[in-house]
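*Asks:* run18.cif (mmCIF, C-alpha atoms) pasted underneath:
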data_data
loop_
_atom_site.label_atom_id
_atom_site.label_comp_id
_atom_site.auth_asym_id
_atom_site.auth_seq_id
_atom_site.Cartn_x
_atom_site.Cartn_y
_atom_site.Cartn_z
CA MET A 1 -11.97 12.10 15.54
CA GLN A 2 -13.97 9.95 17.98
CA ASN A 3 -14.88 7.65 15.15
CA GLU A 4 -11.28 7.47 13.95
CA GLN A 5 -10.10 6.69 17.48
CA SER A 6 -12.55 3.81 17.67
CA LEU A 7 -11.43 2.54 14.25
CA VAL A 8 -7.78 2.68 15.31
CA HIS A 9 -8.52 0.75 18.53
CA ARG A 10 -10.36 -1.90 16.54
CA ALA A 11 -7.54 -2.10 13.99
CA GLN A 12 -5.04 -2.52 16.83
CA ARG A 13 -7.06 -5.47 18.10
CA GLY A 14 -6.82 -7.10 14.65
CA ASP A 15 -10.11 -5.92 13.13
CA LYS A 16 -9.32 -6.02 9.41
CA LYS A 17 -12.44 -4.13 8.34
CA ALA A 18 -11.47 -1.24 10.61
CA PHE A 19 -7.97 -1.12 9.15
CA ALA A 20 -9.38 -1.29 5.63
CA GLN A 21 -11.59 1.74 6.46
CA LEU A 22 -8.59 3.69 7.74
CA TYR A 23 -6.70 2.77 4.59
CA GLU A 24 -9.50 4.01 2.32
CA SER A 25 -9.93 7.29 4.17
CA HIS A 26 -6.23 8.24 4.11
CA PHE A 27 -4.88 6.68 0.90
CA ASP A 28 -5.49 9.58 -1.52
CA LYS A 29 -4.12 12.24 0.83
CA ILE A 30 -0.95 10.27 1.53
CA TYR A 31 -0.46 9.70 -2.20
CA ARG A 32 -0.90 13.44 -2.94
CA TYR A 33 1.59 14.33 -0.22
CA VAL A 34 4.18 11.86 -1.55
CA VAL A 35 3.74 13.00 -5.17
CA LEU A 36 4.32 16.61 -4.20
CA ARG A 37 7.36 15.70 -2.09
CA ILE A 38 8.97 13.39 -4.66
CA GLY A 39 7.62 14.67 -7.97
CA ASN A 40 7.87 11.25 -9.58
CA LYS A 41 4.57 9.44 -10.00
CA THR A 42 5.94 5.88 -10.24
CA GLU A 43 8.18 6.26 -7.21
CA ALA A 44 5.35 7.97 -5.32
CA GLU A 45 3.13 4.93 -5.97
CA ASP A 46 5.78 2.64 -4.53
CA VAL A 47 6.33 4.80 -1.45
CA THR A 48 2.57 5.14 -0.83
CA GLN A 49 2.16 1.36 -0.83
CA GLN A 50 5.05 1.05 1.61
CA VAL A 51 3.45 3.61 3.95
CA PHE A 52 0.39 1.43 4.49
CA LEU A 53 2.33 -1.83 4.74
CA LYS A 54 4.52 -0.20 7.36
CA ALA A 55 1.45 1.11 9.19
CA LEU A 56 -0.02 -2.39 9.17
CA GLN A 57 3.15 -3.78 10.73
CA SER A 58 3.37 -1.13 13.45
CA ILE A 59 -0.24 -0.22 14.22
CA ARG A 60 0.05 -1.85 17.65
CA SER A 61 2.78 0.61 18.61
CA PHE A 62 0.56 3.63 17.94
CA LYS A 63 -0.64 5.38 21.10
CA TRP A 64 -3.13 8.24 21.42
CA LYS A 65 -1.04 10.88 23.08
CA GLY A 66 -2.41 13.98 21.46
CA ILE A 67 -1.16 12.81 18.08
CA PRO A 68 -3.95 12.13 15.59
CA PHE A 69 -3.71 8.92 13.58
CA SER A 70 -3.39 10.93 10.35
CA ALA A 71 -0.30 12.70 11.74
CA TRP A 72 1.19 9.30 12.61
CA LEU A 73 0.58 8.05 9.07
CA PHE A 74 2.09 11.20 7.57
CA ARG A 75 5.08 10.76 9.87
CA ILE A 76 5.62 7.27 8.38
CA ALA A 77 5.26 8.77 4.90
CA HIS A 78 7.70 11.56 5.81
CA ASN A 79 10.31 9.04 7.02
CA LEU A 80 9.94 6.90 3.89
CA VAL A 81 10.22 9.98 1.65
CA VAL A 82 13.37 11.06 3.51
CA ASP A 83 14.83 7.54 3.06
CA TYR A 84 13.95 7.63 -0.62
CA LEU A 85 15.45 11.08 -1.19
CA ARG A 86 18.61 10.02 0.62
CA LYS A 87 19.02 7.06 -1.76
CA VAL A 88 18.43 8.91 -5.04
CA LYS A 89 20.84 11.60 -6.12
CA LYS A 90 18.50 13.37 -8.50
CA VAL A 91 14.74 13.03 -8.65
CA VAL A 92 13.35 12.82 -12.16
CA ILE A 93 10.01 14.61 -12.34
CA THR A 94 7.56 12.58 -14.39
CA PRO A 95 4.61 14.21 -16.14
CA LEU A 96 1.15 13.43 -14.81
CA ASP A 97 -1.51 12.07 -17.12
CA GLU A 98 -5.16 13.08 -17.21
CA SER A 99 -6.30 10.23 -14.96
CA SER A 100 -3.96 11.54 -12.23
CA VAL A 101 -5.94 14.76 -11.95
CA LYS A 102 -9.41 15.06 -10.45
CA SER A 103 -11.63 17.30 -12.50
CA ASP A 104 -15.09 17.64 -13.97
CA SER A 105 -15.73 16.31 -17.44
CA ASN A 106 -14.50 19.44 -19.26
CA PRO A 107 -11.41 18.22 -21.20
CA GLN A 108 -10.07 21.76 -21.65
CA LEU A 109 -10.15 22.39 -17.90
CA LEU A 110 -8.58 19.02 -17.23
CA VAL A 111 -5.59 19.78 -19.46
CA GLU A 112 -5.14 23.23 -17.89
CA GLN A 113 -5.37 21.80 -14.40
CA ARG A 114 -2.81 19.12 -15.20
CA LEU A 115 -0.39 21.73 -16.55
CA ASP A 116 -0.91 23.93 -13.48
CA ILE A 117 -0.16 21.00 -11.18
CA GLU A 118 2.94 20.01 -13.15
CA GLN A 119 4.15 23.60 -12.92
CA LEU A 120 3.49 23.55 -9.19
CA ILE A 121 5.43 20.29 -8.72
CA SER A 122 8.37 21.72 -10.67
CA ALA A 123 8.24 24.96 -8.66
CA THR A 124 8.37 23.09 -5.34
CA LYS A 125 11.77 21.72 -6.41
CA ARG A 126 13.15 25.23 -5.87
CA LEU A 127 12.12 25.20 -2.21
CA THR A 128 14.19 23.92 0.67
CA ARG A 129 13.22 20.44 1.92
CA ALA A 130 11.53 21.88 5.00
CA GLN A 131 9.56 24.38 2.90
CA ARG A 132 8.48 21.63 0.48
CA GLU A 133 7.49 19.49 3.46
CA VAL A 134 5.23 22.18 4.92
CA ILE A 135 3.61 22.92 1.54
CA SER A 136 3.01 19.20 0.93
CA LEU A 137 1.50 18.64 4.37
CA ARG A 138 -0.70 21.75 4.35
CA PHE A 139 -1.87 21.79 0.73
CA ALA A 140 -1.69 18.17 -0.49
CA GLY A 141 -2.16 16.34 2.81
CA GLU A 142 -4.69 18.95 4.01
CA LEU A 143 -3.28 18.86 7.55
CA SER A 144 -3.74 21.74 9.99
CA VAL A 145 -0.78 23.70 11.34
CA ALA A 146 -1.03 21.75 14.61
CA GLU A 147 -0.98 18.39 12.80
CA SER A 148 1.85 19.50 10.50
CA ALA A 149 3.83 20.54 13.57
CA LYS A 150 3.41 17.03 15.05
CA VAL A 151 4.60 15.41 11.82
CA MET A 152 7.59 17.72 11.48
CA GLY A 153 8.49 17.70 15.16
CA LYS A 154 8.37 21.51 15.30
CA SER A 155 6.35 24.10 17.22
CA GLU A 156 3.24 25.58 15.62
CA GLY A 157 4.97 28.96 15.49
CA ALA A 158 7.90 27.45 13.59
CA VAL A 159 5.53 25.81 11.11
CA LYS A 160 3.70 29.12 10.53
CA ALA A 161 7.01 30.86 9.86
CA LEU A 162 8.09 28.09 7.51
CA GLN A 163 4.73 28.24 5.76
CA HIS A 164 5.22 31.98 5.19
CA SER A 165 8.73 31.61 3.75
CA ALA A 166 7.60 28.62 1.64
CA ILE A 167 4.75 30.56 0.02
CA VAL A 168 7.07 33.51 -0.70
CA ALA A 169 9.64 31.16 -2.30
CA LEU A 170 6.94 29.31 -4.23
CA ARG A 171 5.55 32.57 -5.58
CA LYS A 172 9.00 33.54 -6.88
CA ALA A 173 9.48 30.09 -8.46
CA LEU A 174 6.07 30.18 -10.15
CA LEU A 175 6.64 33.71 -11.47
CA ARG A 176 10.03 32.66 -12.83
CA ALA A 177 8.44 29.63 -14.55
CA GLU A 178 5.83 31.87 -16.18
CA GLY A 179 8.70 33.97 -17.53
CA MET B 1 10.34 39.73 15.48
CA LYS B 2 6.96 40.32 17.13
CA LYS B 3 5.72 41.93 13.92
CA THR B 4 6.80 38.89 11.87
CA LYS B 5 5.06 36.55 14.29
CA GLU B 6 1.90 38.61 14.04
CA PHE B 7 2.07 38.55 10.24
CA ASN B 8 2.59 34.75 10.25
CA ASN B 9 -0.56 34.41 12.38
CA ILE B 10 -2.56 36.67 10.06
CA LEU B 11 -1.37 34.75 6.99
CA ASN B 12 -2.28 31.47 8.64
CA ASP B 13 -5.73 32.75 9.61
CA CYS B 14 -6.36 33.76 6.00
CA LEU B 15 -5.10 30.39 4.75
CA GLU B 16 -7.47 28.53 7.08
CA ARG B 17 -10.33 30.66 5.83
CA LEU B 18 -9.40 30.05 2.18
CA LEU B 19 -8.53 26.36 2.44
CA VAL B 20 -10.97 25.10 5.06
CA LYS B 21 -13.89 27.53 5.17
CA GLY B 22 -13.90 28.27 1.44
CA GLU B 23 -13.82 32.08 1.83
CA THR B 24 -12.47 34.35 -0.92
CA ILE B 25 -9.25 36.37 -0.96
CA GLU B 26 -11.31 39.58 -0.82
CA GLN B 27 -13.08 38.49 2.37
CA CYS B 28 -9.71 37.89 4.05
CA LEU B 29 -8.29 41.20 2.88
CA GLN B 30 -11.30 43.05 4.32
CA SER B 31 -10.40 41.66 7.75
CA TYR B 32 -6.78 42.90 7.50
CA PRO B 33 -6.81 46.08 5.36
CA GLU B 34 -3.47 47.28 6.77
CA HIS B 35 -1.73 44.11 5.49
CA ALA B 36 -3.70 43.79 2.24
CA ALA B 37 -0.86 44.81 -0.10
CA GLU B 38 1.57 42.33 1.41
CA ILE B 39 -0.82 39.47 1.95
CA GLU B 40 -2.74 39.47 -1.34
CA PRO B 41 0.03 38.04 -3.60
CA LEU B 42 0.73 35.32 -1.02
CA LEU B 43 -2.93 34.32 -0.94
CA GLN B 44 -2.99 34.19 -4.74
CA THR B 45 -0.05 31.79 -4.62
CA ALA B 46 -1.88 29.78 -1.95
CA MET B 47 -4.90 29.49 -4.23
CA ALA B 48 -2.64 28.21 -7.03
CA THR B 49 -1.07 25.72 -4.60
CA LYS B 50 -4.52 24.56 -3.50
CA LYS B 51 -4.81 22.89 -6.90
CA ALA B 52 -2.62 20.12 -5.48
CA VAL B 53 -5.75 18.57 -3.95
CA ALA B 54 -6.77 17.61 -7.48
CA ILE B 55 -3.87 15.13 -7.68
CA GLN B 56 -5.31 11.65 -7.40
CA PRO B 57 -3.92 8.13 -7.73
CA GLN B 58 -4.63 6.45 -11.06
CA PRO B 59 -7.48 3.93 -10.79
CA GLU B 60 -5.26 1.00 -11.93
CA PHE B 61 -2.64 1.82 -9.30
CA LYS B 62 -5.30 2.22 -6.64
CA ALA B 63 -6.75 -1.20 -7.50
CA ARG B 64 -3.31 -2.84 -7.44
CA ALA B 65 -2.37 -1.16 -4.17
CA ARG B 66 -5.67 -2.10 -2.54
CA TYR B 67 -5.18 -5.71 -3.61
CA GLN B 68 -1.66 -5.83 -2.20
CA PHE B 69 -2.80 -4.22 1.04
CA GLN B 70 -5.73 -6.61 1.41
CA SER B 71 -3.36 -9.55 0.89
CA ALA B 72 -1.02 -8.21 3.58
CA LEU B 73 -4.02 -7.63 5.85
CA GLN B 74 -5.18 -11.22 5.42
CA GLU B 75 -1.71 -12.49 6.28
CA ALA B 76 -1.49 -10.33 9.37
CA LYS B 77 -3.65 -12.63 11.47
CA PRO B 78 -2.30 -13.90 14.80
CA LYS B 79 -0.57 -17.22 14.45
CA ARG B 80 -2.34 -20.20 15.98
CA ALA B 81 -0.50 -22.90 17.89
CA LEU B 82 -0.03 -26.07 15.87
CA PRO B 83 -1.63 -29.24 17.19
CA PHE B 84 1.03 -31.20 19.02
CA PHE B 85 0.43 -34.61 17.43
CA SER B 86 0.21 -33.32 13.91
CA TRP B 87 3.95 -32.98 13.70
CA GLN B 88 4.81 -36.57 14.43
CA PRO B 89 4.86 -38.02 10.89
CA GLN B 90 6.97 -35.09 9.74
CA TRP B 91 9.38 -35.01 12.67
CA ALA B 92 12.38 -34.18 10.57
CA VAL B 93 10.77 -31.05 9.15
CA ALA B 94 9.53 -29.97 12.56
CA ILE B 95 13.02 -30.28 13.98
CA ALA B 96 14.24 -28.18 11.07
CA VAL B 97 11.72 -25.45 12.01
CA VAL B 98 12.88 -25.51 15.61
CA LEU B 99 16.45 -25.18 14.41
CA VAL B 100 15.56 -22.27 12.14
CA VAL B 101 13.77 -20.51 14.99
CA LEU B 102 16.62 -21.18 17.41
CA LEU B 103 19.36 -20.16 15.01
CA ALA B 104 17.70 -17.27 13.26
CA GLY B 105 15.36 -16.16 16.02
CA GLY B 106 11.55 -16.09 15.99
CA GLY B 107 11.62 -12.45 14.94
CA THR B 108 13.36 -13.41 11.70
CA VAL B 109 10.61 -15.86 10.80
CA THR B 110 7.92 -13.28 11.66
CA ALA B 111 9.69 -10.57 9.67
CA ALA B 112 10.10 -13.00 6.76
CA GLY B 113 6.31 -13.34 6.59
CA TYR B 114 6.12 -9.81 5.19
CA SER B 115 9.16 -10.11 2.94
CA MET B 116 8.97 -9.74 -0.81
CA PRO B 117 10.96 -11.71 -3.44
CA ASP B 118 13.73 -9.11 -3.59
CA SER B 119 14.30 -9.37 0.17
CA PRO B 120 17.04 -11.52 1.73
CA LEU B 121 14.37 -12.98 4.05
CA TYR B 122 12.26 -14.28 1.18
CA ALA B 123 13.92 -17.72 1.28
CA VAL B 124 12.93 -17.97 4.96
CA LYS B 125 9.36 -17.10 4.01
CA LEU B 126 9.25 -19.89 1.39
CA ALA B 127 10.80 -22.39 3.79
CA THR B 128 8.26 -21.47 6.48
CA GLU B 129 5.44 -21.98 3.99
CA GLN B 130 6.74 -25.45 3.11
CA VAL B 131 6.80 -26.32 6.78
CA GLN B 132 3.25 -25.04 7.24
CA LEU B 133 2.13 -27.18 4.34
CA THR B 134 3.85 -30.23 5.72
CA LEU B 135 2.35 -29.75 9.16
CA THR B 136 -1.19 -29.26 7.88
CA PRO B 137 -2.79 -32.66 8.30
CA SER B 138 -5.90 -32.65 6.08
CA ASP B 139 -6.20 -32.33 2.33
CA ILE B 140 -8.84 -29.63 2.69
CA GLY B 141 -6.55 -27.71 5.05
CA LYS B 142 -3.67 -28.04 2.61
CA ALA B 143 -5.88 -26.85 -0.26
CA GLU B 144 -6.89 -23.82 1.79
CA LEU B 145 -3.27 -23.06 2.62
CA HIS B 146 -2.27 -23.39 -1.05
CA ALA B 147 -5.11 -20.95 -1.91
CA ARG B 148 -3.78 -18.44 0.64
CA LEU B 149 -0.23 -18.91 -0.65
CA ALA B 150 -1.49 -18.38 -4.22
CA ASP B 151 -2.88 -15.07 -2.98
CA ARG B 152 0.56 -14.18 -1.62
CA ARG B 153 2.21 -15.08 -4.93
CA VAL B 154 -0.18 -12.80 -6.84
CA ALA B 155 0.62 -9.94 -4.45
CA GLU B 156 4.33 -10.65 -4.98
CA ILE B 157 3.91 -10.62 -8.77
CA VAL B 158 2.21 -7.22 -8.48
CA TYR B 159 5.06 -5.96 -6.29
CA ILE B 160 7.81 -7.29 -8.56
CA ALA B 161 6.06 -6.04 -11.71
CA ASN B 162 6.08 -2.54 -10.19
CA LYS B 163 9.80 -2.94 -9.62
CA GLY B 164 10.27 -3.94 -13.28
CA LYS B 165 11.95 -7.32 -12.75
CA PRO B 166 10.58 -9.65 -15.46
CA LYS B 167 12.82 -12.61 -14.61
CA GLN B 168 11.48 -12.75 -11.08
CA ILE B 169 7.91 -12.51 -12.37
CA GLU B 170 8.50 -15.76 -14.23
CA GLN B 171 9.84 -17.50 -11.12
CA ILE B 172 6.93 -16.39 -8.95
CA ALA B 173 4.41 -17.25 -11.67
CA GLN B 174 5.84 -20.79 -11.67
CA ARG B 175 5.35 -20.99 -7.91
CA LEU B 176 1.81 -19.67 -8.32
CA ASN B 177 1.08 -22.37 -10.91
CA LYS B 178 2.30 -25.04 -8.50
CA HIS B 179 -0.11 -23.82 -5.81
CA LEU B 180 -2.97 -23.70 -8.32
CA ALA B 181 -2.25 -27.23 -9.52
CA MET B 182 -2.14 -28.46 -5.93
CA ILE B 183 -5.46 -26.78 -5.09
CA ALA B 184 -7.14 -28.56 -8.02
CA SER B 185 -5.47 -31.85 -7.20
CA LEU B 186 -6.31 -31.75 -3.46
CA SER B 187 -9.92 -30.78 -4.20
CA LEU B 188 -10.24 -33.84 -6.44
CA VAL B 189 -8.92 -36.01 -3.60
CA GLU B 190 -11.57 -34.47 -1.37
CA LYS B 191 -14.17 -35.48 -3.94
CA GLY B 192 -12.83 -39.03 -3.93
CA VAL B 193 -11.13 -38.96 -7.32
CA GLU B 194 -7.66 -40.45 -7.43
CA ARG B 195 -5.08 -37.76 -6.88
CA GLU B 196 -3.43 -36.47 -10.01
CA MET B 197 -0.14 -35.10 -8.85
CA PRO B 198 0.84 -32.23 -11.11
CA VAL B 199 4.21 -32.60 -12.79
CA LEU B 200 5.55 -29.31 -11.45
CA ALA B 201 4.05 -29.55 -8.02
CA PRO B 202 6.11 -30.43 -4.97
CA ALA B 203 4.53 -33.14 -2.84
CA PRO B 204 4.32 -31.66 0.64
CA GLN B 205 2.69 -34.76 2.06
CA GLN B 206 2.12 -38.03 0.22
CA VAL B 207 -1.00 -39.96 1.16
CA GLU B 208 0.02 -43.31 2.54
CA GLU B 209 -0.97 -46.21 0.33
CA GLY B 210 -4.21 -47.77 1.36
CA ALA B 211 -5.11 -44.86 3.61
CA GLU B 212 -8.68 -43.72 3.24
CA ALA B 213 -9.47 -40.08 2.75
CA VAL B 214 -11.39 -38.72 5.73
CA PRO B 215 -14.22 -36.43 4.58
CA ALA B 216 -13.66 -32.83 5.56
CA PRO B 217 -16.20 -31.07 7.81
CA ALA B 218 -18.81 -29.08 5.86
CA ASN B 219 -17.70 -25.74 7.31
CA ALA B 220 -14.07 -26.31 6.22
CA LYS B 221 -15.29 -27.09 2.74
CA ALA B 222 -17.53 -24.02 2.65
CA LYS B 223 -14.64 -21.84 3.85
CA LEU B 224 -12.37 -23.21 1.12
CA LYS B 225 -15.05 -22.64 -1.51
CA ARG B 226 -15.49 -19.02 -0.42
CA LEU B 227 -11.75 -18.47 -0.63
CA LEU B 228 -11.49 -20.12 -4.05
CA ARG B 229 -14.40 -18.11 -5.42
CA ARG B 230 -12.73 -14.90 -4.28
CA ASN B 231 -9.41 -15.92 -5.81
CA GLU B 232 -11.13 -17.14 -8.99
CA VAL B 233 -12.39 -13.60 -9.62
CA ASN B 234 -9.49 -11.56 -8.22
CA HIS B 235 -6.40 -13.36 -9.46
CA PRO B 236 -7.06 -13.46 -13.23
CA ALA B 237 -8.33 -9.84 -13.06
CA VAL B 238 -5.23 -8.56 -11.28
CA LEU B 239 -2.88 -10.52 -13.56
CA ARG B 240 -4.69 -9.32 -16.69
CA ALA B 241 -4.34 -5.71 -15.55
CA LEU B 242 -0.62 -6.32 -15.11
CA LEU B 243 -0.29 -7.98 -18.50
CA GLU B 244 -1.15 -4.73 -20.27
CA LYS B 245 1.78 -2.90 -18.68
CA ALA B 246 4.29 -5.73 -18.26
CA PRO B 247 7.47 -5.88 -20.33
CA GLU B 248 7.34 -8.32 -23.29
CA SER B 249 9.69 -10.77 -21.61
CA ALA B 250 7.30 -11.21 -18.67
CA LYS B 251 4.14 -11.63 -20.72
CA PRO B 252 4.38 -15.39 -21.49
CA ALA B 253 4.72 -16.19 -17.76
CA LEU B 254 1.80 -13.94 -16.88
CA ARG B 255 -0.35 -15.49 -19.63
CA ARG B 256 0.43 -18.97 -18.30
CA ALA B 257 -0.45 -17.83 -14.79
CA ILE B 258 -3.77 -16.35 -15.98
CA ALA B 259 -4.67 -19.54 -17.87
CA ALA B 260 -3.65 -21.71 -14.91
CA SER B 261 -5.65 -19.65 -12.42
CA GLU B 262 -8.77 -19.74 -14.59
CA ALA B 263 -8.57 -23.49 -15.22
CA ASN B 264 -7.50 -24.68 -11.78
CA TYR B 265 -9.90 -22.63 -9.66
CA GLN B 266 -12.76 -23.78 -11.86
CA LYS B 267 -11.58 -27.40 -11.61
CA ALA B 268 -11.28 -27.17 -7.83
CA LEU B 269 -14.67 -25.54 -7.38
CA GLU B 270 -16.35 -28.16 -9.59
CA ALA B 271 -14.77 -30.88 -7.47
CA LEU B 272 -16.00 -29.30 -4.25
CA ASP B 273 -19.59 -28.66 -5.45
#
Let me see whether you can do it: turn the structure in this file into C-alpha cells.
*Replies:*
Amino acid sequence: MQNEQSLVHRAQRGDKKAFAQLYESHFDKIYRYVVLRIGNKTEAEDVTQQVFLKALQSIRSFKWKGIPFSAWLFRIAHNLVVDYLRKVKKVVITPLDESSVKSDSNPQLLVEQRLDIEQLISATKRLTRAQREVISLRFAGELSVAESAKVMGKSEGAVKALQHSAIVALRKALLRAEG
Amino acid sequence: MKKTKEFNNILNDCLERLLVKGETIEQCLQSYPEHAAEIEPLLQTAMATKKAVAIQPQPEFKARARYQFQSALQEAKPKRALPFFSWQPQWAVAIAVVLVVLLAGGGTVTAAGYSMPDSPLYAVKLATEQVQLTLTPSDIGKAELHARLADRRVAEIVYIANKGKPKQIEQIAQRLNKHLAMIASLSLVEKGVEREMPVLAPAPQQVEEGAEAVPAPANAKAKLKRLLRRNEVNHPAVLRALLEKAPESAKPALRRAIAASEANYQKALEALD
C-alpha cells in the first residue's frame, strides 16, 4: 500500500514510469472485472482501455482519503460499465478462446476451464446488477469487502448481505445450467 | 435479522479463508460445525466462481492496449510556453489560435488533445497540431513533432480498427504517411540535402529562398534519433498485428502505411547518422 501510495503521488506529479507501473499492476484485474460484468470480450477490451485513459486524464483529482487507488480505478470501471450497459439493450455474450484463459500447459484442463468460465459468465446474467457487481469485484477484481464497499458506495454489512444473496442466486443459476 | 447478519459474517470469513489464505472448504466447516450444512454448498459455488481469476486479456489485445496507453502517456506532458518571437513569421496562424482559444475556450483545445477520430473534437486536435507545426521554428524540431504526431496517428489507427471503421483507417493512414514523408524530408534538409517535398505532404513552413539551414544542436538530433528508432520498431509491428485482423477493405491502406513507415524511418535515420 505504501509503495502504491508513493507510485500514485509520483504519477500525479507527471512521472510516466510510475503511471506505467500502476497500469501494469492493475490491468488484468480490471479486464477480468469488466469481462464478468459485460460478458462480451470485444466490448470488455474497449471499456478496459477507456478505464486507463480516463484514469490518466483524472489522476490529479485522486485524493488519499481512505480510498485505495485500486478502488478508485474500479470505480471508474464501474461507471464506464454502467454507461455501456445503459447504451446497449441486450448484451451478446461472446465465447472466450483458449488464450483468454490462464492455465498450465494441459490442453484438456484448458478446455474444461474455458467451458467452466463461460458457464459462469452466462450464469451471472441471471443475477441482479448489484449481485453481479459484487461477484465481479470480489472474485474477478479480487477486492476485499471493504474495498468493494468503497466502489459500490455501500456499507460493508450491505456488501456482505449482497454477497450472500449473489452466491445463492449464482448457485441456482449454475445448477439450472447443468440441468 | 441478527442471525442473518451473523451468517453473512461467517460466510465472509470462510470466503476470505478460501480466496485469500488458500484454506479448504473442510477447514472452514470445522470452524463452524453448526452452520456446515447451510454453508457448504455456498462455498462450493464460491470455489467454482473463483475460476474467474483465470480470465486473462489476450496477448495481442494487451500489446495493443499498452501501446495506446503509452502513446496517451507521452502526450500527457505539461504544455510548454511557446517562444514569443517564434510566432512572428506566422502571425496569421497565431491569431487564428488565439481566436480558437477565445471562441472555443482553452478547455476545448486541451480536451481535443485526447480526442479520437470519431470525436467531434478531432478537427480541433488536427488544427492545433498544424498550428504547433507552424510555430516550431527549426527543421529538427518539426521532424520531432512529425514523429510524435505519427505516433498519435498509429494509436488512432489502433483505436479505429477496434471500432471496425475501415474508411477512417484509410484517412488516418494517409495522414500518417504525410508525417512519415515529412520526417524523411526534414531529416534530409538537416543533412544538407536539398529538400524533397513529398507530393502528399502539406508544407507547414517553407524555407525562405537563399536561407541557410542552421545546424541543429547535437542533443536535439540525438533525441530525434532515439524517437525515430523507437517508432521504426514499434509502428510497423503494431500495424502488422492489426493487418491480420483488419477487414479486407482496410488492408491496402494498412499495407501502404507499413511500407511507408519502414522506408521513411530508415531514410530519416540514415540522413541523421
*Asks:* Please expand the PyMOL selection byres ((chain B and resi 117) around 12) into the concrete residues it hits in this file, giving the result as a JSON list (two decimals) with C-alpha atoms, in the frame of the given file.
*Replies:*
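In the end it all went to result_13.json:
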[["chain", "number", "residue", "atom", "x", "y", "z"],
["B", 112, "ALA", "CA", 10.10, -13.00, 6.76],
["B", 113, "GLY", "CA", 6.31, -13.34, 6.59],
["B", 114, "TYR", "CA", 6.12, -9.81, 5.19],
["B", 115, "SER", "CA", 9.16, -10.11, 2.94],
["B", 116, "MET", "CA", 8.97, -9.74, -0.81],
["B", 118, "ASP", "CA", 13.73, -9.11, -3.59],
["B", 119, "SER", "CA", 14.30, -9.37, 0.17],
["B", 120, "PRO", "CA", 17.04, -11.52, 1.73],
["B", 121, "LEU", "CA", 14.37, -12.98, 4.05],
["B", 122, "TYR", "CA", 12.26, -14.28, 1.18],
["B", 123, "ALA", "CA", 13.92, -17.72, 1.28],
["B", 124, "VAL", "CA", 12.93, -17.97, 4.96],
["B", 125, "LYS", "CA", 9.36, -17.10, 4.01],
["B", 126, "LEU", "CA", 9.25, -19.89, 1.39],
["B", 152, "ARG", "CA", 0.56, -14.18, -1.62],
["B", 153, "ARG", "CA", 2.21, -15.08, -4.93],
["B", 154, "VAL", "CA", -0.18, -12.80, -6.84],
["B", 155, "ALA", "CA", 0.62, -9.94, -4.45],
["B", 156, "GLU", "CA", 4.33, -10.65, -4.98],
["B", 157, "ILE", "CA", 3.91, -10.62, -8.77],
["B", 158, "VAL", "CA", 2.21, -7.22, -8.48],
["B", 159, "TYR", "CA", 5.06, -5.96, -6.29],
["B", 160, "ILE", "CA", 7.81, -7.29, -8.56],
["B", 161, "ALA", "CA", 6.06, -6.04, -11.71],
["B", 163, "LYS", "CA", 9.80, -2.94, -9.62],
["B", 165, "LYS", "CA", 11.95, -7.32, -12.75],
["B", 167, "LYS", "CA", 12.82, -12.61, -14.61],
["B", 168, "GLN", "CA", 11.48, -12.75, -11.08],
["B", 169, "ILE", "CA", 7.91, -12.51, -12.37],
["B", 170, "GLU", "CA", 8.50, -15.76, -14.23],
["B", 171, "GLN", "CA", 9.84, -17.50, -11.12],
["B", 172, "ILE", "CA", 6.93, -16.39, -8.95],
["B", 173, "ALA", "CA", 4.41, -17.25, -11.67],
["B", 175, "ARG", "CA", 5.35, -20.99, -7.91]]
*Asks:* What would the selection look like, as a list in words, if the PyMOL selection byres ((chain A and resi 31-47) around 6) were run on the coordinates I just shared?
*Replies:*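 What the PyMOL selection byres ((chain A and resi 31-47) around 6) grabs from the file is Asp28, Lys29, Ile30, Thr48, Gln49, Gln50, Ile93, Thr94, Ile121, Ser136, Ala140 and Gly141 of chain A; Ile55 of chain B.
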*Asks:* What are the residues of chain A that have an atom within 6 Å of an atom of chain B, counting all atoms listed in the file, as a ChimeraX atom specification?
*Replies:* /A:32,99-102,139-140,160-161,171
*Asks:* Using only C-alpha atoms, please write the residues we just selected to a file, as an mmCIF file, keeping the file's coordinate frame.
*Replies:*
data_model
loop_
_atom_site.group_PDB
_atom_site.id
_atom_site.type_symbol
_atom_site.label_atom_id
_atom_site.label_comp_id
_atom_site.auth_asym_id
_atom_site.auth_seq_id
_atom_site.Cartn_x
_atom_site.Cartn_y
_atom_site.Cartn_z
ATOM 1 C CA ARG A 32 -0.900 13.440 -2.940
ATOM 2 C CA SER A 99 -6.300 10.230 -14.960
ATOM 3 C CA SER A 100 -3.960 11.540 -12.230
ATOM 4 C CA VAL A 101 -5.940 14.760 -11.950
ATOM 5 C CA LYS A 102 -9.410 15.060 -10.450
ATOM 6 C CA PHE A 139 -1.870 21.790 0.730
ATOM 7 C CA ALA A 140 -1.690 18.170 -0.490
ATOM 8 C CA LYS A 160 3.700 29.120 10.530
ATOM 9 C CA ALA A 161 7.010 30.860 9.860
ATOM 10 C CA ARG A 171 5.550 32.570 -5.580
#
*Asks:* Which residues fall under the PyMOL selection byres ((chain A and resi 71) around 9) in this file, as an MDAnalysis selection string?
*Replies:* chainID A and resid 67:70 72:76 143 147:148 150:151
*Asks:* Padding of 6 Å on every side, edges along x, y and z, all listed atoms of segment 132-151 of chain B included: what centre and edge lengths in Å, to one decimal, does that box have, as lines of an AutoDock Vina configuration file?
*Replies:*
center_x = -2.5
center_y = -23.9
center_z = 2.5
size_x = 24.7
size_y = 29.6
size_z = 25.4
*Asks:* So how far away is atom CA of Val51 of chain A from atom CA of Asn234 of chain B, in Å?
*Replies:* 23.4 Å
